[in-house]
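Text of the file upload10.txt, holding compact mmCIF, C-alpha atoms:
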```
# COMPACT_ATOMS: atom_id res chain seq x y z
CA MET A 1 -15.66 116.01 -67.28
CA GLN A 2 -15.65 116.65 -63.50
CA PHE A 3 -16.15 120.39 -64.16
CA ASN A 4 -19.15 119.68 -66.37
CA MET A 5 -20.67 117.40 -63.72
CA ALA A 6 -20.18 120.08 -61.06
CA VAL A 7 -21.89 122.67 -63.27
CA LYS A 8 -24.72 120.23 -63.85
CA ARG A 9 -25.17 119.64 -60.13
CA ILE A 10 -25.24 123.41 -59.44
CA PHE A 11 -27.82 123.87 -62.19
CA LEU A 12 -30.00 121.10 -60.84
CA LEU A 13 -29.73 122.43 -57.30
CA SER A 14 -30.73 125.89 -58.53
CA ALA A 15 -33.65 124.39 -60.40
CA LEU A 16 -34.71 122.46 -57.31
CA ILE A 17 -34.55 125.56 -55.08
CA SER A 18 -36.51 127.55 -57.66
CA LEU A 19 -39.23 124.89 -57.80
CA ILE A 20 -39.50 124.83 -54.02
CA LEU A 21 -39.70 128.64 -53.87
CA ILE A 22 -42.41 128.68 -56.52
CA LEU A 23 -44.32 126.04 -54.59
CA SER A 24 -43.89 128.02 -51.32
CA THR A 25 -45.39 131.18 -52.79
CA SER A 26 -48.34 129.42 -54.39
CA ALA A 27 -51.70 129.36 -52.66
CA TYR A 28 -51.49 125.59 -52.29
CA GLY A 29 -47.90 125.31 -51.27
CA GLY A 30 -47.86 127.94 -48.54
CA GLY A 31 -49.02 125.52 -45.82
CA LEU A 32 -46.75 122.61 -46.77
CA SER A 33 -43.77 121.46 -44.76
CA PRO A 34 -40.30 121.53 -46.36
CA GLU A 35 -40.44 117.73 -46.42
CA ASP A 36 -43.73 117.75 -48.34
CA LYS A 37 -42.38 120.35 -50.75
CA LEU A 38 -39.37 118.19 -51.54
CA PHE A 39 -41.62 115.21 -52.15
CA ILE A 40 -44.01 117.13 -54.41
CA VAL A 41 -41.13 118.54 -56.46
CA GLY A 42 -39.50 115.11 -56.72
CA ALA A 43 -42.75 113.36 -57.61
CA GLY A 44 -43.58 115.98 -60.23
CA ALA A 45 -40.15 115.70 -61.81
CA TYR A 46 -40.47 111.90 -61.69
CA GLU A 47 -43.78 112.03 -63.55
CA ASP A 48 -42.21 114.31 -66.15
CA LYS A 49 -39.25 111.93 -66.41
CA LEU A 50 -36.84 114.62 -65.23
CA TRP A 51 -34.81 111.95 -63.51
CA ASP A 52 -31.92 114.21 -62.41
CA VAL A 53 -34.21 116.69 -60.68
CA ALA A 54 -36.31 113.93 -59.13
CA ALA A 55 -33.21 112.10 -57.85
CA LEU A 56 -31.84 115.29 -56.29
CA ALA A 57 -35.14 116.03 -54.55
CA PHE A 58 -35.54 112.47 -53.26
CA SER A 59 -31.90 112.33 -52.10
CA ARG A 60 -32.31 115.56 -50.11
CA LEU A 61 -35.57 114.32 -48.58
CA LEU A 62 -33.95 111.09 -47.37
CA THR A 63 -30.88 112.93 -46.08
CA GLU A 64 -32.79 115.66 -44.23
CA TYR A 65 -35.79 113.57 -43.15
CA PRO A 66 -34.56 109.96 -42.71
CA SER A 67 -37.57 109.09 -40.52
CA SER A 68 -40.12 110.42 -43.01
CA LYS A 69 -43.27 108.38 -43.55
CA LYS A 70 -42.56 108.72 -47.25
CA ALA A 71 -38.99 107.36 -46.93
CA GLU A 72 -39.97 103.84 -48.05
CA GLU A 73 -41.68 105.05 -51.23
CA VAL A 74 -39.02 107.66 -51.92
CA THR A 75 -36.18 105.14 -51.61
CA HIS A 76 -37.84 102.97 -54.23
CA LEU A 77 -38.40 105.93 -56.56
CA LEU A 78 -34.81 107.11 -56.09
CA GLY A 79 -33.53 103.71 -57.19
CA VAL A 80 -35.73 103.93 -60.29
CA CYS A 81 -34.35 107.39 -61.05
CA TYR A 82 -30.77 106.13 -60.90
CA THR A 83 -31.69 103.20 -63.11
CA GLN A 84 -33.26 105.51 -65.70
CA MET A 85 -30.16 107.70 -65.56
CA LYS A 86 -28.04 104.56 -66.16
CA GLU A 87 -26.23 105.15 -62.89
CA TYR A 88 -26.46 101.46 -62.03
CA GLN A 89 -24.11 101.24 -59.06
CA PRO A 90 -25.96 103.96 -57.09
CA ALA A 91 -29.21 102.21 -58.05
CA ILE A 92 -27.95 98.91 -56.64
CA LYS A 93 -26.90 100.65 -53.43
CA VAL A 94 -30.33 102.24 -53.03
CA PHE A 95 -32.25 99.02 -53.75
CA MET A 96 -30.02 96.97 -51.45
CA GLY A 97 -30.57 99.60 -48.74
CA PHE A 98 -34.32 99.36 -49.25
CA MET A 99 -34.30 95.56 -48.84
CA GLU A 100 -32.25 95.83 -45.66
CA LYS A 101 -34.38 98.58 -44.12
CA TYR A 102 -37.84 97.45 -45.28
CA PRO A 103 -37.82 93.60 -45.40
CA LYS A 104 -41.61 93.42 -44.81
CA SER A 105 -42.54 96.15 -47.28
CA SER A 106 -45.38 95.54 -49.75
CA MET A 107 -42.98 96.84 -52.39
CA TYR A 108 -40.23 94.36 -51.47
CA GLN A 109 -40.77 92.10 -54.51
CA ILE A 110 -41.01 95.09 -56.85
CA VAL A 111 -37.66 96.33 -55.56
CA LEU A 112 -36.20 92.84 -56.04
CA ILE A 113 -37.43 92.94 -59.62
CA ARG A 114 -35.85 96.35 -60.15
CA LEU A 115 -32.57 95.15 -58.67
CA GLY A 116 -32.48 92.08 -60.92
CA GLU A 117 -33.14 94.26 -63.96
CA VAL A 118 -30.21 96.50 -63.01
CA TYR A 119 -27.90 93.48 -62.84
CA LEU A 120 -29.05 92.43 -66.31
CA LYS A 121 -28.28 95.91 -67.61
CA LEU A 122 -24.80 95.53 -66.11
CA GLU A 123 -24.52 92.18 -67.94
CA SER A 124 -24.28 90.32 -64.66
CA PRO A 125 -26.72 87.44 -65.34
CA ASN A 126 -25.52 85.36 -62.39
CA GLU A 127 -26.40 88.15 -59.96
CA ALA A 128 -29.71 88.74 -61.73
CA VAL A 129 -30.56 85.05 -61.49
CA LYS A 130 -29.92 85.05 -57.74
CA ILE A 131 -32.36 87.92 -57.31
CA PHE A 132 -35.05 86.45 -59.57
CA GLN A 133 -34.70 83.08 -57.82
CA LEU A 134 -35.66 84.78 -54.57
CA ILE A 135 -38.83 86.02 -56.24
CA SER A 136 -39.65 82.68 -57.86
CA SER A 137 -39.20 80.76 -54.59
CA SER A 138 -41.62 83.07 -52.78
CA LYS A 139 -44.94 81.49 -51.77
CA ASN A 140 -46.89 84.56 -52.83
CA VAL A 141 -45.39 85.81 -56.07
CA ASP A 142 -46.43 89.35 -56.96
CA LYS A 143 -48.49 89.51 -60.15
CA ASN A 144 -46.05 92.14 -61.42
CA ALA A 145 -43.20 89.63 -61.14
CA ASP A 146 -44.14 87.97 -64.45
CA ALA A 147 -41.47 89.85 -66.41
CA ALA A 148 -38.82 88.93 -63.84
CA ILE A 149 -39.74 85.22 -63.79
CA PHE A 150 -39.95 85.16 -67.58
CA THR A 151 -36.51 86.77 -67.74
CA LEU A 152 -35.24 84.24 -65.20
CA GLY A 153 -36.31 81.34 -67.40
CA GLU A 154 -34.97 83.00 -70.54
CA THR A 155 -31.64 83.64 -68.79
CA TYR A 156 -31.50 80.01 -67.68
CA VAL A 157 -31.81 78.94 -71.33
CA LYS A 158 -29.03 81.31 -72.40
CA MET A 159 -26.84 80.01 -69.56
CA GLY A 160 -27.47 76.39 -70.56
CA LYS A 161 -29.43 75.64 -67.36
CA TYR A 162 -32.22 73.88 -69.23
CA LYS A 163 -33.75 71.90 -66.36
CA GLU A 164 -34.17 75.06 -64.31
CA ALA A 165 -35.64 76.82 -67.35
CA VAL A 166 -38.18 74.04 -67.90
CA GLU A 167 -39.35 74.28 -64.30
CA GLU A 168 -39.94 78.03 -64.59
CA PHE A 169 -41.67 77.95 -67.96
CA ARG A 170 -43.87 74.93 -67.24
CA ASN A 171 -45.29 76.69 -64.19
CA PHE A 172 -45.43 80.15 -65.78
CA PRO A 173 -48.92 80.00 -67.39
CA GLN A 174 -50.48 78.90 -64.10
CA ARG A 175 -48.61 81.45 -62.01
CA PHE A 176 -49.29 84.35 -64.37
CA PRO A 177 -52.44 83.54 -66.37
CA GLU A 178 -52.90 87.18 -67.43
CA SER A 179 -49.27 87.87 -68.31
CA LYS A 180 -48.40 89.23 -71.73
CA PHE A 181 -45.48 86.78 -71.67
CA LYS A 182 -47.71 83.72 -71.21
CA ASN A 183 -47.78 82.61 -74.84
CA GLU A 184 -44.10 83.29 -75.40
CA SER A 185 -43.30 81.11 -72.39
CA TYR A 186 -44.41 78.10 -74.46
CA TYR A 187 -41.69 78.84 -77.02
CA TRP A 188 -38.97 79.02 -74.39
CA ALA A 189 -40.24 75.85 -72.73
CA GLY A 190 -39.80 74.20 -76.13
CA GLU A 191 -36.25 75.55 -76.43
CA ALA A 192 -35.27 74.21 -73.02
CA LEU A 193 -36.87 70.80 -73.60
CA PHE A 194 -35.28 70.51 -77.04
CA ASN A 195 -31.85 71.03 -75.53
CA LEU A 196 -32.68 68.32 -72.99
CA GLU A 197 -33.53 66.05 -75.97
CA ASN A 198 -37.12 65.69 -74.76
CA TYR A 199 -38.39 66.05 -78.29
CA LYS A 200 -41.95 64.90 -77.67
CA ASP A 201 -42.73 67.58 -75.08
CA ALA A 202 -40.63 70.20 -76.88
CA LYS A 203 -42.64 69.68 -80.07
CA ASN A 204 -45.92 70.17 -78.21
CA TYR A 205 -44.74 73.46 -76.70
CA TYR A 206 -43.37 74.72 -80.02
CA LYS A 207 -46.62 73.90 -81.79
CA LYS A 208 -48.75 75.47 -79.07
CA PHE A 209 -46.78 78.70 -79.36
CA TYR A 210 -46.96 78.62 -83.17
CA GLU A 211 -50.72 78.04 -83.15
CA LEU A 212 -51.32 80.85 -80.66
CA MET A 213 -48.94 83.37 -82.23
CA PRO A 214 -48.40 82.57 -85.93
CA GLU A 215 -47.31 86.15 -86.68
CA HIS A 216 -44.83 86.50 -83.80
CA SER A 217 -41.17 87.13 -84.70
CA LEU A 218 -40.30 83.73 -83.18
CA SER A 219 -43.06 81.77 -84.93
CA ASP A 220 -40.85 80.61 -87.80
CA ASP A 221 -38.29 79.42 -85.27
CA ALA A 222 -41.00 77.58 -83.32
CA LEU A 223 -42.21 75.79 -86.45
CA ASN A 224 -38.60 74.98 -87.30
CA GLY A 225 -38.13 73.63 -83.77
CA ALA A 226 -41.19 71.39 -84.10
CA ALA A 227 -39.87 70.08 -87.42
CA TRP A 228 -36.49 69.31 -85.85
CA CYS A 229 -38.19 67.50 -82.95
CA GLU A 230 -39.94 65.24 -85.44
CA TYR A 231 -36.73 64.74 -87.40
CA ARG A 232 -34.70 63.86 -84.29
CA SER A 233 -37.47 61.47 -83.21
CA GLY A 234 -37.26 59.63 -86.54
CA ALA A 235 -40.68 60.83 -87.71
CA LEU A 236 -39.39 61.71 -91.17
CA LYS A 237 -42.65 62.25 -93.04
CA PRO A 238 -44.15 64.59 -90.38
CA ALA A 239 -40.79 66.40 -90.24
CA LEU A 240 -40.80 66.82 -94.01
CA ALA A 241 -44.34 68.24 -93.85
CA SER A 242 -43.32 70.69 -91.11
CA PHE A 243 -40.24 71.90 -92.97
CA ASN A 244 -42.32 72.37 -96.14
CA LEU A 245 -44.90 74.33 -94.13
CA LEU A 246 -42.12 76.55 -92.78
CA ILE A 247 -40.87 77.20 -96.32
CA ALA A 248 -44.38 78.03 -97.56
CA LYS A 249 -45.49 80.08 -94.53
CA TYR A 250 -42.34 82.15 -93.95
CA PRO A 251 -40.56 82.51 -97.33
CA ASP A 252 -38.48 85.45 -96.10
CA SER A 253 -37.23 83.74 -92.95
CA GLU A 254 -33.48 83.32 -92.54
CA LEU A 255 -34.23 79.69 -91.66
CA ILE A 256 -35.39 78.82 -95.18
CA PRO A 257 -32.03 77.75 -96.70
CA ALA A 258 -31.43 75.24 -93.90
CA ALA A 259 -35.04 74.05 -94.11
CA ILE A 260 -34.73 73.43 -97.85
CA PHE A 261 -31.53 71.49 -97.28
CA ARG A 262 -33.24 69.39 -94.61
CA THR A 263 -36.12 68.54 -96.98
CA GLY A 264 -33.54 67.29 -99.45
CA ASN A 265 -31.83 65.28 -96.72
CA ILE A 266 -35.11 63.72 -95.59
CA ASN A 267 -36.10 62.85 -99.14
CA LEU A 268 -32.77 61.06 -99.49
CA LYS A 269 -33.53 59.03 -96.37
CA LEU A 270 -36.95 58.20 -97.82
CA SER A 271 -35.28 57.12 -101.11
CA ARG A 272 -36.99 59.93 -102.98
CA ASN A 273 -33.90 60.92 -104.90
CA LEU A 274 -35.68 63.03 -107.51
CA ASP A 275 -37.37 65.14 -104.83
CA ALA A 276 -34.06 65.43 -103.00
CA GLN A 277 -32.37 66.60 -106.18
CA LYS A 278 -35.06 69.25 -106.71
CA ALA A 279 -34.60 70.55 -103.16
CA PHE A 280 -30.81 70.77 -103.37
CA LYS A 281 -31.02 72.38 -106.81
CA LYS A 282 -33.49 74.98 -105.48
CA LEU A 283 -31.12 75.76 -102.63
CA VAL A 284 -28.00 76.32 -104.76
CA GLU A 285 -29.93 78.39 -107.29
CA SER A 286 -31.93 80.54 -104.85
CA TYR A 287 -29.32 80.91 -102.09
CA PRO A 288 -25.92 80.49 -103.80
CA LYS A 289 -24.05 82.53 -101.16
CA GLU A 290 -25.41 80.67 -98.14
CA ARG A 291 -22.90 78.44 -96.37
CA ILE A 292 -25.28 75.51 -96.49
CA ALA A 293 -25.45 75.78 -100.28
CA VAL A 294 -21.98 74.22 -100.28
CA ASP A 295 -23.44 71.16 -98.55
CA ALA A 296 -26.18 71.02 -101.17
CA HIS A 297 -23.58 71.07 -103.96
CA LEU A 298 -21.92 68.00 -102.43
CA GLU A 299 -25.22 66.13 -102.22
CA LEU A 300 -26.15 67.10 -105.79
CA GLY A 301 -22.82 65.83 -107.04
CA LYS A 302 -23.36 62.47 -105.32
CA LEU A 303 -26.82 62.16 -106.86
CA TYR A 304 -25.43 62.82 -110.34
CA ILE A 305 -22.66 60.27 -109.78
CA GLN A 306 -25.30 57.67 -108.90
CA LYS A 307 -26.87 58.34 -112.29
CA LYS A 308 -23.40 58.29 -113.91
CA GLU A 309 -23.90 61.86 -115.09
CA TYR A 310 -20.30 62.79 -114.35
CA SER A 311 -20.18 65.98 -116.41
CA LYS A 312 -23.01 67.34 -114.21
CA ALA A 313 -21.47 66.00 -111.01
CA SER A 314 -18.00 67.55 -111.31
CA PRO A 315 -19.02 71.25 -111.16
CA HIS A 316 -20.93 70.60 -107.94
CA PHE A 317 -17.95 68.90 -106.32
CA GLU A 318 -15.78 71.83 -107.37
CA LYS A 319 -18.13 74.20 -105.54
CA ALA A 320 -18.27 71.89 -102.52
CA GLN A 321 -14.50 72.18 -102.19
CA GLU A 322 -15.12 75.75 -100.98
CA SER A 323 -16.48 74.42 -97.69
CA GLU A 324 -14.99 75.77 -94.46
CA ILE A 325 -15.15 72.26 -93.01
CA VAL A 326 -12.06 70.23 -93.89
CA GLU A 327 -13.92 66.93 -93.79
CA MET A 328 -16.42 68.19 -96.34
CA ARG A 329 -13.69 69.61 -98.57
CA THR A 330 -11.98 66.24 -98.41
CA GLU A 331 -15.11 64.34 -99.37
CA ALA A 332 -15.81 66.77 -102.22
CA SER A 333 -12.26 66.37 -103.59
CA TYR A 334 -12.51 62.60 -103.39
CA TYR A 335 -15.74 62.47 -105.35
CA LEU A 336 -14.42 65.04 -107.80
CA GLY A 337 -11.48 62.73 -108.39
CA GLU A 338 -13.82 59.79 -108.95
CA SER A 339 -15.99 61.80 -111.33
CA GLU A 340 -13.03 63.09 -113.36
CA ALA A 341 -11.49 59.62 -113.54
CA ALA A 342 -14.79 58.24 -114.84
CA ARG A 343 -14.58 60.88 -117.59
CA GLU A 344 -11.00 59.71 -118.31
CA LYS A 345 -9.64 63.05 -117.20
CA TYR A 346 -6.86 61.44 -115.22
CA ASN A 347 -4.71 64.50 -114.58
CA ALA A 348 -7.73 66.36 -113.21
CA ALA A 349 -8.53 63.35 -111.03
CA ILE A 350 -4.95 63.25 -109.69
CA ALA A 351 -5.10 66.98 -108.90
CA ALA A 352 -8.30 66.41 -106.89
CA TYR A 353 -6.75 63.56 -104.88
CA GLU A 354 -3.61 65.63 -104.26
CA ARG A 355 -5.78 68.34 -102.74
CA ILE A 356 -6.91 65.85 -100.10
CA ILE A 357 -3.29 65.44 -99.01
CA SER A 358 -2.76 69.20 -98.97
CA TYR A 359 -5.71 69.81 -96.61
CA GLY A 360 -3.79 68.41 -93.66
CA ILE A 361 -6.75 66.32 -92.48
CA SER A 362 -6.06 64.31 -89.33
CA ASP A 363 -7.92 61.22 -90.60
CA MET A 364 -5.09 59.33 -92.31
CA SER A 365 -7.48 56.88 -93.93
CA TRP A 366 -8.39 59.65 -96.38
CA VAL A 367 -4.72 60.41 -97.07
CA SER A 368 -3.81 56.76 -97.68
CA LEU A 369 -6.84 56.36 -99.97
CA ALA A 370 -5.78 59.48 -101.89
CA TYR A 371 -2.31 58.04 -102.47
CA VAL A 372 -3.81 54.78 -103.74
CA LYS A 373 -6.10 56.67 -106.11
CA ILE A 374 -3.16 58.74 -107.35
CA GLY A 375 -1.27 55.53 -108.00
CA VAL A 376 -4.17 54.08 -110.00
CA ASN A 377 -4.48 57.16 -112.18
CA LYS A 378 -0.73 57.45 -112.67
CA GLU A 379 -0.85 53.89 -113.98
CA ARG A 380 -3.58 54.89 -116.41
CA LEU A 381 -1.20 57.56 -117.70
CA LYS A 382 1.60 54.95 -117.82
CA LEU A 383 3.67 57.00 -115.37
CA TRP A 384 5.10 53.92 -113.66
CA ASP A 385 7.65 55.63 -111.41
CA ASP A 386 5.05 58.12 -110.13
CA ALA A 387 2.57 55.30 -109.56
CA GLN A 388 5.19 53.29 -107.64
CA ALA A 389 5.99 56.30 -105.41
CA ALA A 390 2.27 56.85 -104.67
CA TYR A 391 1.69 53.20 -103.69
CA GLN A 392 4.75 53.21 -101.46
CA LYS A 393 3.55 56.32 -99.61
CA ALA A 394 0.14 54.74 -99.19
CA LEU A 395 1.64 51.56 -97.71
CA GLU A 396 3.54 53.59 -95.13
CA ILE A 397 0.30 54.70 -93.50
CA LEU A 398 -2.36 52.20 -94.63
CA GLU A 399 -4.32 50.34 -91.95
CA ASP A 400 -7.24 48.99 -93.98
CA LYS A 401 -6.35 45.37 -94.82
CA ASP A 402 -8.20 45.15 -98.13
CA LEU A 403 -6.86 48.46 -99.42
CA LYS A 404 -3.36 47.53 -98.21
CA ALA A 405 -3.53 44.23 -100.10
CA PHE A 406 -4.67 46.08 -103.22
CA ALA A 407 -1.80 48.60 -102.97
CA GLU A 408 0.77 45.84 -102.45
CA GLU A 409 -0.51 43.95 -105.50
CA ARG A 410 -0.44 47.09 -107.67
CA LEU A 411 3.05 47.94 -106.45
CA LYS A 412 4.35 44.54 -107.57
CA ILE A 413 2.78 45.01 -110.99
CA VAL A 414 4.15 48.54 -111.39
CA LYS A 415 7.67 47.48 -110.38
CA ALA A 416 7.56 44.81 -113.05
CA LYS A 417 6.74 47.27 -115.80
CA PRO A 418 9.61 47.88 -118.25
CA ARG A 419 11.13 51.32 -117.97
```
Once more with this new file: its structure as structure tokens, please.
Amino acid sequence: MQFNMAVKRIFLLSALISLILILSTSAYGGGLSPEDKLFIVGAGAYEDKLWDVAALAFSRLLTEYPSSKKAEEVTHLLGVCYTQMKEYQPAIKVFMGFMEKYPKSSMYQIVLIRLGEVYLKLESPNEAVKIFQLISSSKNVDKNADAAIFTLGETYVKMGKYKEAVEEFRNFPQRFPESKFKNESYYWAGEALFNLENYKDAKNYYKKFYELMPEHSLSDDALNGAAWCEYRSGALKPALASFNLLIAKYPDSELIPAAIFRTGNINLKLSRNLDAQKAFKKLVESYPKERIAVDAHLELGKLYIQKKEYSKASPHFEKAQESEIVEMRTEASYYLGESEAAREKYNAAIAAYERIISYGISDMSWVSLAYVKIGVNKERLKLWDDAQAAYQKALEILEDKDLKAFAEERLKIVKAKPR
């Protein structure tokens, strides 16, 4: 590797010397100073994006002519060359040197911007934020600083510094009225405000972004954010309308499965069970492999149980047992047990309740309830010894007074049964 780099440096040096010689023999270049020749070669290579050649020319100019009138401009361009070559540490060194040597330069903010961008490329957001904060706190922010300030706010959001993000994005449209990031700043203001639970203002920003940029890649997310703001604020009917608009407007969005589930959830809260059932059914049929489809199966099963349609309920509870969340698996197994017992399939019911115990859930109220339910169904099968054992295990951990009294009463009755 070192050999290859050495060869590369020799090649570049040869190329640089050749370019200077060509320039020296030309009609135009004959009267130029060596310093000017280096600059012209470097600038030409820079324009042609020959970053290696440009960097070599600029480095030699600064080394051989440190007091050059072009040193300020060349230092900036050299830092850009290193950045383009992904040689980030040399770039940082050059930009830091510029800031130290030219603190009153008209390019000072541009160099700050460049330095912050290098830190982001190095995945050092804390260092980038420090740099961009210097720009943001300046009384006269350069019009070209819009990307840096936008990135500062975006980085704040990603770092969980939502108050700081809100401050940057709320001021952004006024500071940079012509910026290409102006409209997108409304979206990020919404994100920050949503995380601060300021749902009223967040909704307004989300909607403003959506109305201005309905075809943007973040527009579906903005509409989803507005819907969630309404939902969290208790405005269920407007939330339902927004989620339905999202589903209709962006049918291919990855947000659709969750949006469909939320429409079902809202319809349940509004006591529109039939509409809720349609939503959950659409979700499990259209997106059977989505994680949230498991949640929909649980809700569908509950709706069928309410209508005493147990044969339709049980398959949904069986699917819901596939959940990655132990609490949801537990609930699904419980309702499956209830559904199977209602169908007089007592062994299947017992198996469902036994699964609750096997999950290792920390909430012992579920475990004690499972033992009680096992006892009840063992009684139905006239397995008195098994029923007695189940009630005894339940009583060892039961805390609910009513359920404890029930288990004690059943235990007395079971013990009295002739064997």
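Nearest to Ala43 of chain A of all the residues A:Glu197, A:Glu73, A:Glu64, A:Glu379 is A:Glu73, based on all atoms listed in the file.
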Exercise. Which residue out of A:Trp228, A:Phe58, A:Trp51, A:Tyr346 has the minimum interatomic distance to Leu38 of chain A when all atoms listed in the file are used?
Worked result: A:Phe58
Set the distance at 9 Å and use only C-alpha atoms: which residues neighbour segment 234-248 of chain A once local chain neighbours fewer than 5 positions away are removed? I'd like the list as an mmCIF file with C-alpha atoms, in the coordinates of the input.
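And here's result_19.cif as it stands now:
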```
data_model
loop_
_atom_site.group_PDB
_atom_site.id
_atom_site.type_symbol
_atom_site.label_atom_id
_atom_site.label_comp_id
_atom_site.auth_asym_id
_atom_site.auth_seq_id
_atom_site.Cartn_x
_atom_site.Cartn_y
_atom_site.Cartn_z
ATOM 1 C CA ASP A 220 -40.850 80.610 -87.800
ATOM 2 C CA ASP A 221 -38.290 79.420 -85.270
ATOM 3 C CA LEU A 223 -42.210 75.790 -86.450
ATOM 4 C CA ASN A 224 -38.600 74.980 -87.300
ATOM 5 C CA ALA A 226 -41.190 71.390 -84.100
ATOM 6 C CA ALA A 227 -39.870 70.080 -87.420
ATOM 7 C CA TRP A 228 -36.490 69.310 -85.850
ATOM 8 C CA CYS A 229 -38.190 67.500 -82.950
ATOM 9 C CA SER A 253 -37.230 83.740 -92.950
ATOM 10 C CA LEU A 255 -34.230 79.690 -91.660
ATOM 11 C CA ILE A 256 -35.390 78.820 -95.180
ATOM 12 C CA PRO A 257 -32.030 77.750 -96.700
ATOM 13 C CA ALA A 259 -35.040 74.050 -94.110
ATOM 14 C CA ILE A 260 -34.730 73.430 -97.850
ATOM 15 C CA ARG A 262 -33.240 69.390 -94.610
ATOM 16 C CA THR A 263 -36.120 68.540 -96.980
ATOM 17 C CA ILE A 266 -35.110 63.720 -95.590
ATOM 18 C CA ASN A 267 -36.100 62.850 -99.140
ATOM 19 C CA LYS A 269 -33.530 59.030 -96.370
ATOM 20 C CA LEU A 270 -36.950 58.200 -97.820
#
```
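Note that the spacing between atom CA of Ala293 of chain A and atom CA of Tyr371 of chain A amounts to 29.2 Å.
Here atom CA of Ser106 of chain A stands at a distance of 12.2 Å from atom CA of Asn144 of chain A.
Between atom CA of Lys49 of chain A and atom CA of Leu61 of chain A there is a distance of 18.4 Å.
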For this session: With a distance cut-off of 6 Å and only C-alpha atoms, select the neighbouring residues of segment 203-214 of chain A, excluding the residue or stretch itself and same-chain residues fewer than 2 positions from it, and output the selection as a list in words.
Result: Tyr186, Tyr187, Gly190, Tyr199, Lys200, Asp201, His216, Ser219, Ala222, Ala226 and Cys229 of chain A
Exercise. So which residues touch Met364 of chain A within 8 Å, counting only C-alpha atoms, skipping near sequence neighbours fewer than 3 positions away, as a PyMOL selection string?
Worked result: chain A and resi 361+367-368+397-398
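Considering only C-alpha atoms, the residue among A:Ser333, A:Asn171, A:Ser68, A:Gln388 positioned nearest to Glu409 of chain A is A:Gln388.
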I'd like the neighbourhood of Gln109 of chain A as a compact mmCIF listing (two decimals) with C-alpha atoms, in the frame of the given file, where a residue qualifies if any of its atoms comes within 8 Å (using all atoms listed in the file), though same-chain residues fewer than 5 positions away should be ignored.
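Below is the file that was written, part06.txt:
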```txt
# COMPACT_ATOMS: atom_id res chain seq x y z
CA ILE A 135 -38.83 86.02 -56.24
CA VAL A 141 -45.39 85.81 -56.07
CA ASP A 142 -46.43 89.35 -56.96
CA ALA A 145 -43.20 89.63 -61.14
```
Exercise. Within 8 Å of Ile113 of chain A, counting all atoms listed in the file, which residues qualify if same-chain residues fewer than 2 places away don't, as a PyMOL selection string?
Worked result: chain A and resi 109-111+115-117+131-132+135+145+148
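If only C-alpha atoms are the atoms counted, then among A:Ser323, A:Thr330, A:Asn347, A:Gln84 the closest residue to Ser365 of chain A is A:Thr330.
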Problem set entry | Among the residues A:Phe261, A:Tyr304, A:Tyr162, A:Phe176, the one that comes closest to Phe194 of chain A [using all atoms listed in the file] | A:Tyr162
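With distances restricted to only C-alpha atoms, A:Thr155 is the closest residue to Val129 of chain A from A:Thr155, A:Asn265, A:Ser217, A:Ser105.
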Give as a compact mmCIF listing (two decimals) with C-alpha atoms, keeping the file's coordinate frame each residue that has an atom at most 9 Å from (-3.5, 60.9, -109.2) in the file, counting all atoms listed in the file.
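Below is the file part.txt, written as the result:
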```
# COMPACT_ATOMS: atom_id res chain seq x y z
CA GLY A 337 -11.48 62.73 -108.39
CA TYR A 346 -6.86 61.44 -115.22
CA ASN A 347 -4.71 64.50 -114.58
CA ALA A 348 -7.73 66.36 -113.21
CA ALA A 349 -8.53 63.35 -111.03
CA ILE A 350 -4.95 63.25 -109.69
CA ALA A 351 -5.10 66.98 -108.90
CA ALA A 352 -8.30 66.41 -106.89
CA TYR A 353 -6.75 63.56 -104.88
CA GLU A 354 -3.61 65.63 -104.26
CA ALA A 370 -5.78 59.48 -101.89
CA TYR A 371 -2.31 58.04 -102.47
CA VAL A 372 -3.81 54.78 -103.74
CA LYS A 373 -6.10 56.67 -106.11
CA ILE A 374 -3.16 58.74 -107.35
CA GLY A 375 -1.27 55.53 -108.00
CA VAL A 376 -4.17 54.08 -110.00
CA ASN A 377 -4.48 57.16 -112.18
CA LYS A 378 -0.73 57.45 -112.67
CA GLU A 379 -0.85 53.89 -113.98
CA ALA A 387 2.57 55.30 -109.56
CA ALA A 390 2.27 56.85 -104.67
```
Work out where the centre of an axis-aligned box around every listed atom of segment 238-253 of chain A lies and how long its edges are once 3 Å is added on each side; give both in Å to one decimal as lines of an AutoDock Vina configuration file.
```
center_x = -41.4
center_y = 75.0
center_z = -93.9
size_x = 14.3
size_y = 26.9
size_z = 13.3
```
Exercise. Around (12.5, 56.5, -121.8) in the file's frame, which residues reach within 12 Å when counting all atoms listed in the file? Return as an NGL selection string?
Worked result: :A and (382-385 or 418-419)
